[in-house]
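Peer 1: Sharing structure-v2.cif below, mmCIF, C-alpha atoms; chains and numbers go by the auth columns:
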data_final
loop_
_atom_site.group_PDB
_atom_site.id
_atom_site.type_symbol
_atom_site.label_atom_id
_atom_site.label_comp_id
_atom_site.label_asym_id
_atom_site.label_seq_id
_atom_site.Cartn_x
_atom_site.Cartn_y
_atom_site.Cartn_z
_atom_site.B_iso_or_equiv
_atom_site.auth_seq_id
_atom_site.auth_asym_id
ATOM 1 C CA MET A 1 3.569 -7.651 15.199 0.00 1 A
ATOM 2 C CA PHE A 2 0.683 -7.949 12.752 0.00 2 A
ATOM 3 C CA VAL A 3 -0.975 -5.947 9.989 0.00 3 A
ATOM 4 C CA SER A 4 -3.866 -5.267 12.379 0.00 4 A
ATOM 5 C CA ASP A 5 -1.405 -3.464 14.691 0.00 5 A
ATOM 6 C CA ILE A 6 -0.406 -1.129 11.859 0.00 6 A
ATOM 7 C CA LEU A 7 -4.034 -0.428 10.955 0.00 7 A
ATOM 8 C CA ALA A 8 -4.852 0.260 14.608 0.00 8 A
ATOM 9 C CA GLN A 9 -2.268 3.074 14.532 0.00 9 A
ATOM 10 C CA LYS A 10 -2.803 4.526 11.061 0.00 10 A
ATOM 11 C CA GLY A 11 -6.467 3.756 10.442 0.00 11 A
ATOM 12 C CA GLY A 12 -8.162 2.185 7.474 0.00 12 A
ATOM 13 C CA LEU A 13 -8.574 5.170 5.156 0.00 13 A
ATOM 14 C CA VAL A 14 -7.845 4.133 1.565 0.00 14 A
ATOM 15 C CA PHE A 15 -8.010 6.449 -1.420 0.00 15 A
ATOM 16 C CA THR A 16 -9.615 4.895 -4.480 0.00 16 A
ATOM 17 C CA VAL A 17 -10.465 5.790 -8.061 0.00 17 A
ATOM 18 C CA THR A 18 -12.592 4.164 -10.738 0.00 18 A
ATOM 19 C CA PRO A 19 -11.167 2.512 -13.877 0.00 19 A
ATOM 20 C CA GLY A 20 -12.309 5.502 -15.965 0.00 20 A
ATOM 21 C CA THR A 21 -10.321 8.034 -13.946 0.00 21 A
ATOM 22 C CA THR A 22 -7.629 9.679 -16.058 0.00 22 A
ATOM 23 C CA VAL A 23 -3.966 9.246 -15.266 0.00 23 A
ATOM 24 C CA ALA A 24 -3.796 13.027 -14.758 0.00 24 A
ATOM 25 C CA GLN A 25 -6.548 12.860 -12.130 0.00 25 A
ATOM 26 C CA ALA A 26 -4.878 9.918 -10.389 0.00 26 A
ATOM 27 C CA ALA A 27 -1.524 11.720 -10.414 0.00 27 A
ATOM 28 C CA GLN A 28 -3.216 14.776 -8.887 0.00 28 A
ATOM 29 C CA HIS A 29 -4.611 12.566 -6.070 0.00 29 A
ATOM 30 C CA LEU A 30 -1.163 11.099 -5.455 0.00 30 A
ATOM 31 C CA SER A 31 0.426 14.536 -5.289 0.00 31 A
ATOM 32 C CA THR A 32 -2.277 16.309 -3.272 0.00 32 A
ATOM 33 C CA ARG A 33 -2.624 13.537 -0.706 0.00 33 A
ATOM 34 C CA ARG A 34 1.113 12.802 -0.622 0.00 34 A
ATOM 35 C CA ILE A 35 0.544 9.083 -1.181 0.00 35 A
ATOM 36 C CA GLY A 36 2.287 6.550 -3.389 0.00 36 A
ATOM 37 C CA SER A 37 -0.690 4.686 -4.823 0.00 37 A
ATOM 38 C CA VAL A 38 -4.446 4.597 -5.248 0.00 38 A
ATOM 39 C CA LEU A 39 -6.592 1.500 -5.549 0.00 39 A
ATOM 40 C CA VAL A 40 -8.773 1.139 -8.617 0.00 40 A
ATOM 41 C CA MET A 41 -12.190 -0.155 -7.605 0.00 41 A
ATOM 42 C CA ASP A 42 -14.828 -1.424 -9.985 0.00 42 A
ATOM 43 C CA GLY A 43 -18.552 -0.894 -9.477 0.00 43 A
ATOM 44 C CA THR A 44 -18.936 -3.937 -7.243 0.00 44 A
ATOM 45 C CA GLU A 45 -16.381 -2.711 -4.697 0.00 45 A
ATOM 46 C CA THR A 46 -13.877 -5.242 -5.986 0.00 46 A
ATOM 47 C CA ILE A 47 -10.227 -4.282 -6.399 0.00 47 A
ATOM 48 C CA ALA A 48 -9.671 -3.981 -10.143 0.00 48 A
ATOM 49 C CA GLY A 49 -6.087 -2.802 -9.850 0.00 49 A
ATOM 50 C CA ILE A 50 -3.679 -0.362 -8.285 0.00 50 A
ATOM 51 C CA VAL A 51 -1.986 2.705 -9.737 0.00 51 A
ATOM 52 C CA SER A 52 1.308 3.709 -8.204 0.00 52 A
ATOM 53 C CA GLU A 53 3.748 6.495 -8.929 0.00 53 A
ATOM 54 C CA ARG A 54 5.788 3.866 -10.762 0.00 54 A
ATOM 55 C CA ASP A 55 2.836 3.071 -13.068 0.00 55 A
ATOM 56 C CA VAL A 56 2.468 6.776 -13.895 0.00 56 A
ATOM 57 C CA VAL A 57 6.179 7.094 -14.700 0.00 57 A
ATOM 58 C CA ARG A 58 6.075 4.004 -16.937 0.00 58 A
ATOM 59 C CA ALA A 59 3.036 5.374 -18.784 0.00 59 A
ATOM 60 C CA MET A 60 4.809 8.711 -19.294 0.00 60 A
ATOM 61 C CA ALA A 61 7.914 6.955 -20.609 0.00 61 A
ATOM 62 C CA ARG A 62 5.810 4.892 -23.010 0.00 62 A
ATOM 63 C CA HIS A 63 3.292 7.514 -24.193 0.00 63 A
ATOM 64 C CA GLY A 64 4.812 10.888 -23.350 0.00 64 A
ATOM 65 C CA ALA A 65 2.538 13.675 -22.180 0.00 65 A
ATOM 66 C CA SER A 66 -0.482 11.990 -23.795 0.00 66 A
ATOM 67 C CA ALA A 67 -0.294 9.385 -21.007 0.00 67 A
ATOM 68 C CA LEU A 68 -2.069 11.894 -18.770 0.00 68 A
ATOM 69 C CA ASP A 69 -5.189 11.548 -20.946 0.00 69 A
ATOM 70 C CA LEU A 70 -5.280 7.746 -20.648 0.00 70 A
ATOM 71 C CA GLU A 71 -7.655 6.053 -18.232 0.00 71 A
ATOM 72 C CA VAL A 72 -6.067 4.323 -15.251 0.00 72 A
ATOM 73 C CA ARG A 73 -7.468 0.988 -16.474 0.00 73 A
ATOM 74 C CA GLN A 74 -4.879 1.268 -19.277 0.00 74 A
ATOM 75 C CA VAL A 75 -1.857 1.700 -16.982 0.00 75 A
ATOM 76 C CA MET A 76 -2.815 0.087 -13.663 0.00 76 A
ATOM 77 C CA THR A 77 -1.263 -3.020 -12.218 0.00 77 A
ATOM 78 C CA ARG A 78 -4.046 -5.597 -12.515 0.00 78 A
ATOM 79 C CA GLU A 79 -2.663 -8.447 -10.437 0.00 79 A
ATOM 80 C CA VAL A 80 -2.989 -7.025 -6.937 0.00 80 A
ATOM 81 C CA LEU A 81 -1.828 -9.149 -4.040 0.00 81 A
ATOM 82 C CA THR A 82 -3.567 -8.539 -0.736 0.00 82 A
ATOM 83 C CA CYS A 83 -2.906 -9.374 2.875 0.00 83 A
ATOM 84 C CA HIS A 84 -5.049 -10.155 5.921 0.00 84 A
ATOM 85 C CA PRO A 85 -5.078 -8.252 9.225 0.00 85 A
ATOM 86 C CA ASP A 86 -3.708 -11.357 10.967 0.00 86 A
ATOM 87 C CA ASP A 87 -0.668 -11.554 8.664 0.00 87 A
ATOM 88 C CA SER A 88 2.666 -10.909 10.319 0.00 88 A
ATOM 89 C CA ILE A 89 4.883 -7.981 9.448 0.00 89 A
ATOM 90 C CA GLU A 90 7.520 -10.477 8.300 0.00 90 A
ATOM 91 C CA ARG A 91 5.104 -12.068 5.814 0.00 91 A
ATOM 92 C CA VAL A 92 4.125 -8.669 4.409 0.00 92 A
ATOM 93 C CA MET A 93 7.784 -7.648 4.106 0.00 93 A
ATOM 94 C CA GLY A 94 8.436 -10.879 2.214 0.00 94 A
ATOM 95 C CA LEU A 95 5.530 -10.289 -0.190 0.00 95 A
ATOM 96 C CA MET A 96 6.634 -6.721 -0.876 0.00 96 A
ATOM 97 C CA THR A 97 10.250 -7.723 -1.418 0.00 97 A
ATOM 98 C CA ALA A 98 9.455 -10.670 -3.676 0.00 98 A
ATOM 99 C CA GLY A 99 6.889 -8.727 -5.701 0.00 99 A
ATOM 100 C CA ARG A 100 8.911 -5.500 -5.797 0.00 100 A
ATOM 101 C CA PHE A 101 5.957 -3.327 -4.761 0.00 101 A
ATOM 102 C CA ARG A 102 5.435 -0.904 -1.898 0.00 102 A
ATOM 103 C CA HIS A 103 1.680 -0.959 -1.218 0.00 103 A
ATOM 104 C CA LEU A 104 -0.519 -3.839 -0.110 0.00 104 A
ATOM 105 C CA PRO A 105 -4.300 -3.715 0.355 0.00 105 A
ATOM 106 C CA VAL A 106 -5.652 -5.346 3.506 0.00 106 A
ATOM 107 C CA VAL A 107 -8.730 -7.487 2.916 0.00 107 A
ATOM 108 C CA GLU A 108 -10.842 -9.344 5.450 0.00 108 A
ATOM 109 C CA ARG A 109 -13.754 -11.559 4.371 0.00 109 A
ATOM 110 C CA GLY A 110 -13.680 -9.992 0.925 0.00 110 A
ATOM 111 C CA GLU A 111 -13.890 -6.422 2.270 0.00 111 A
ATOM 112 C CA LEU A 112 -11.168 -3.807 1.834 0.00 112 A
ATOM 113 C CA ILE A 113 -10.278 -2.551 5.317 0.00 113 A
ATOM 114 C CA GLY A 114 -7.017 -0.713 4.729 0.00 114 A
ATOM 115 C CA LEU A 115 -3.740 -0.402 2.890 0.00 115 A
ATOM 116 C CA VAL A 116 -0.222 -0.749 4.238 0.00 116 A
ATOM 117 C CA SER A 117 2.883 0.711 2.674 0.00 117 A
ATOM 118 C CA ILE A 118 6.493 -0.293 3.008 0.00 118 A
ATOM 119 C CA GLY A 119 6.933 2.849 5.119 0.00 119 A
ATOM 120 C CA ASP A 120 4.234 1.643 7.519 0.00 120 A
ATOM 121 C CA VAL A 121 5.882 -1.766 7.749 0.00 121 A
ATOM 122 C CA VAL A 122 9.380 -0.384 8.332 0.00 122 A
ATOM 123 C CA LYS A 123 8.083 2.026 10.984 0.00 123 A
ATOM 124 C CA ALA A 124 6.261 -0.800 12.787 0.00 124 A
ATOM 125 C CA ARG A 125 9.317 -3.045 12.617 0.00 125 A
ATOM 126 C CA LEU A 126 11.589 -0.306 13.977 0.00 126 A
ATOM 127 C CA GLU A 127 9.184 0.318 16.886 0.00 127 A
ATOM 128 C CA GLU A 128 9.052 -3.404 17.581 0.00 128 A
ATOM 129 C CA THR A 129 12.854 -3.621 17.580 0.00 129 A
ATOM 130 C CA GLN A 130 13.103 -0.623 19.911 0.00 130 A
ATOM 131 C CA HIS A 131 10.673 -2.244 22.385 0.00 131 A
ATOM 132 C CA GLU A 132 12.664 -5.490 22.277 0.00 132 A
ATOM 133 C CA THR A 133 15.900 -3.585 22.925 0.00 133 A
ATOM 134 C CA GLU A 134 14.377 -1.735 25.883 0.00 134 A
ATOM 135 C CA ALA A 135 13.058 -5.009 27.327 0.00 135 A
ATOM 136 C CA LEU A 136 16.500 -6.625 27.036 0.00 136 A
ATOM 137 C CA LYS A 137 18.171 -3.640 28.716 0.00 137 A
ATOM 138 C CA ALA A 138 15.645 -3.772 31.557 0.00 138 A
ATOM 139 C CA TYR A 139 16.252 -7.515 31.928 0.00 139 A
ATOM 140 C CA ILE A 140 20.026 -7.055 32.061 0.00 140 A
ATOM 141 C CA VAL A 141 19.808 -4.224 34.601 0.00 141 A
ATOM 142 C CA ALA A 142 17.387 -6.190 36.789 0.00 142 A
ATOM 143 C CA GLY A 143 19.378 -9.409 36.464 0.00 143 A
#
Now, as a test, write the supplied structure out as structure tokens.

Peer 2:
Amino acid sequence: MFVSDILAQKGGLVFTVTPGTTVAQAAQHLSTRRIGSVLVMDGTETIAGIVSERDVVRAMARHGASALDLEVRQVMTREVLTCHPDDSIERVMGLMTAGRFRHLPVVERGELIGLVSIGDVVKARLEETQHETEALKAYIVAG
């Protein structure tokens, strides 16, 4: 199974903010949309960073309530790994595990086309395993 299979099911909608968005505004997006991260895009449609729930919590621990007034550029994760639609689920799982993050933008030819989460990856892997199990059962019964 590949990243493109996940995007075919969930679509390519990605929520983004600008570097000048406040942490409070980003947190509101996360809560309202029930998502775990938003991408920070600069004016040239380039990924400048990503803000996750974890980044918000770290900012709150460091700055207290005043963290909500900071701009996301001050708390975002700047080094954002990406994946390609042709990447395997196993590769994406490896990247997420090694990097200890849960969201991975999908980029093709320099263009953002989606975002996959660890939940998306686990769901896809479970479906794949279920199909394999059903195929083996059918093989055994037919055999």

Peer 1: Which of these, A:His29, A:Met76, A:Met60, A:Ala98, has the shortest distance to Ala48 of chain A once you count only C-alpha atoms?

Peer 2: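 Ranked by minimum distance to Ala48 of chain A, first place goes to A:Met76.
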
Peer 1: Could you tell me which residues the PyMOL selection byres ((chain A and resi 52) around 7) grabs in this file, written as a short mmCIF file (atom, residue, chain, number, x, y, z; two decimals) with C-alpha atoms, in the frame of the given file?

Peer 2:
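Wrote it out as expr-v2.cif, contents follow:
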data_model
loop_
_atom_site.label_atom_id
_atom_site.label_comp_id
_atom_site.auth_asym_id
_atom_site.auth_seq_id
_atom_site.Cartn_x
_atom_site.Cartn_y
_atom_site.Cartn_z
CA GLY A 36 2.29 6.55 -3.39
CA SER A 37 -0.69 4.69 -4.82
CA VAL A 38 -4.45 4.60 -5.25
CA ILE A 50 -3.68 -0.36 -8.28
CA VAL A 51 -1.99 2.70 -9.74
CA GLU A 53 3.75 6.50 -8.93
CA ARG A 54 5.79 3.87 -10.76
CA ASP A 55 2.84 3.07 -13.07
CA VAL A 56 2.47 6.78 -13.90
#

Peer 1: Enumerate, in order of chain and increasing residue number, the residues of segment 46-127 of chain A with an atom no farther than 6 Å from segment 19-26 of chain A, each with its shortest atom pair and distance in Å to one decimal, counting only C-alpha atoms, as a tab-separated table.

Peer 2:
residue	atom	partner	partner_atom	distance
A:Leu68	CA	A:Ala24	CA	4.5
A:Asp69	CA	A:Thr22	CA	5.8
A:Leu70	CA	A:Thr22	CA	5.5
A:Glu71	CA	A:Thr22	CA	4.2
A:Val72	CA	A:Val23	CA	5.4
A:Arg73	CA	A:Pro19	CA	4.8

Peer 1: Identify all residues satisfying the PyMOL selection byres ((chain A and resi 41) around 10) in the given file; provide them as an MDAnalysis selection string.

Peer 2: chainID A and resid 15:19 38:40 42:50

Peer 1: Using only C-alpha atoms, which protein or nucleic acid residues come within 10 Å of segment 126-135 of chain A? Drop anything in the same chain fewer than 6 positions from it, and give the result as a ChimeraX atom specification.

Peer 2: /A:1,120,141

Peer 1: Determine the nearest neighbour of Gln9 of chain A from the options A:Leu136, A:Ala65, A:Leu81, A:Val116, counting all atoms listed in the file.

Peer 2: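 Closest to Gln9 of chain A of all the choices is A:Val116.
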
Peer 1: Figure out the distance between atom CA of Val75 of chain A and atom CA of Ala59 of chain A, please, to one decimal in Å.

Peer 2: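 Distance between the two atoms: 6.4 Å.
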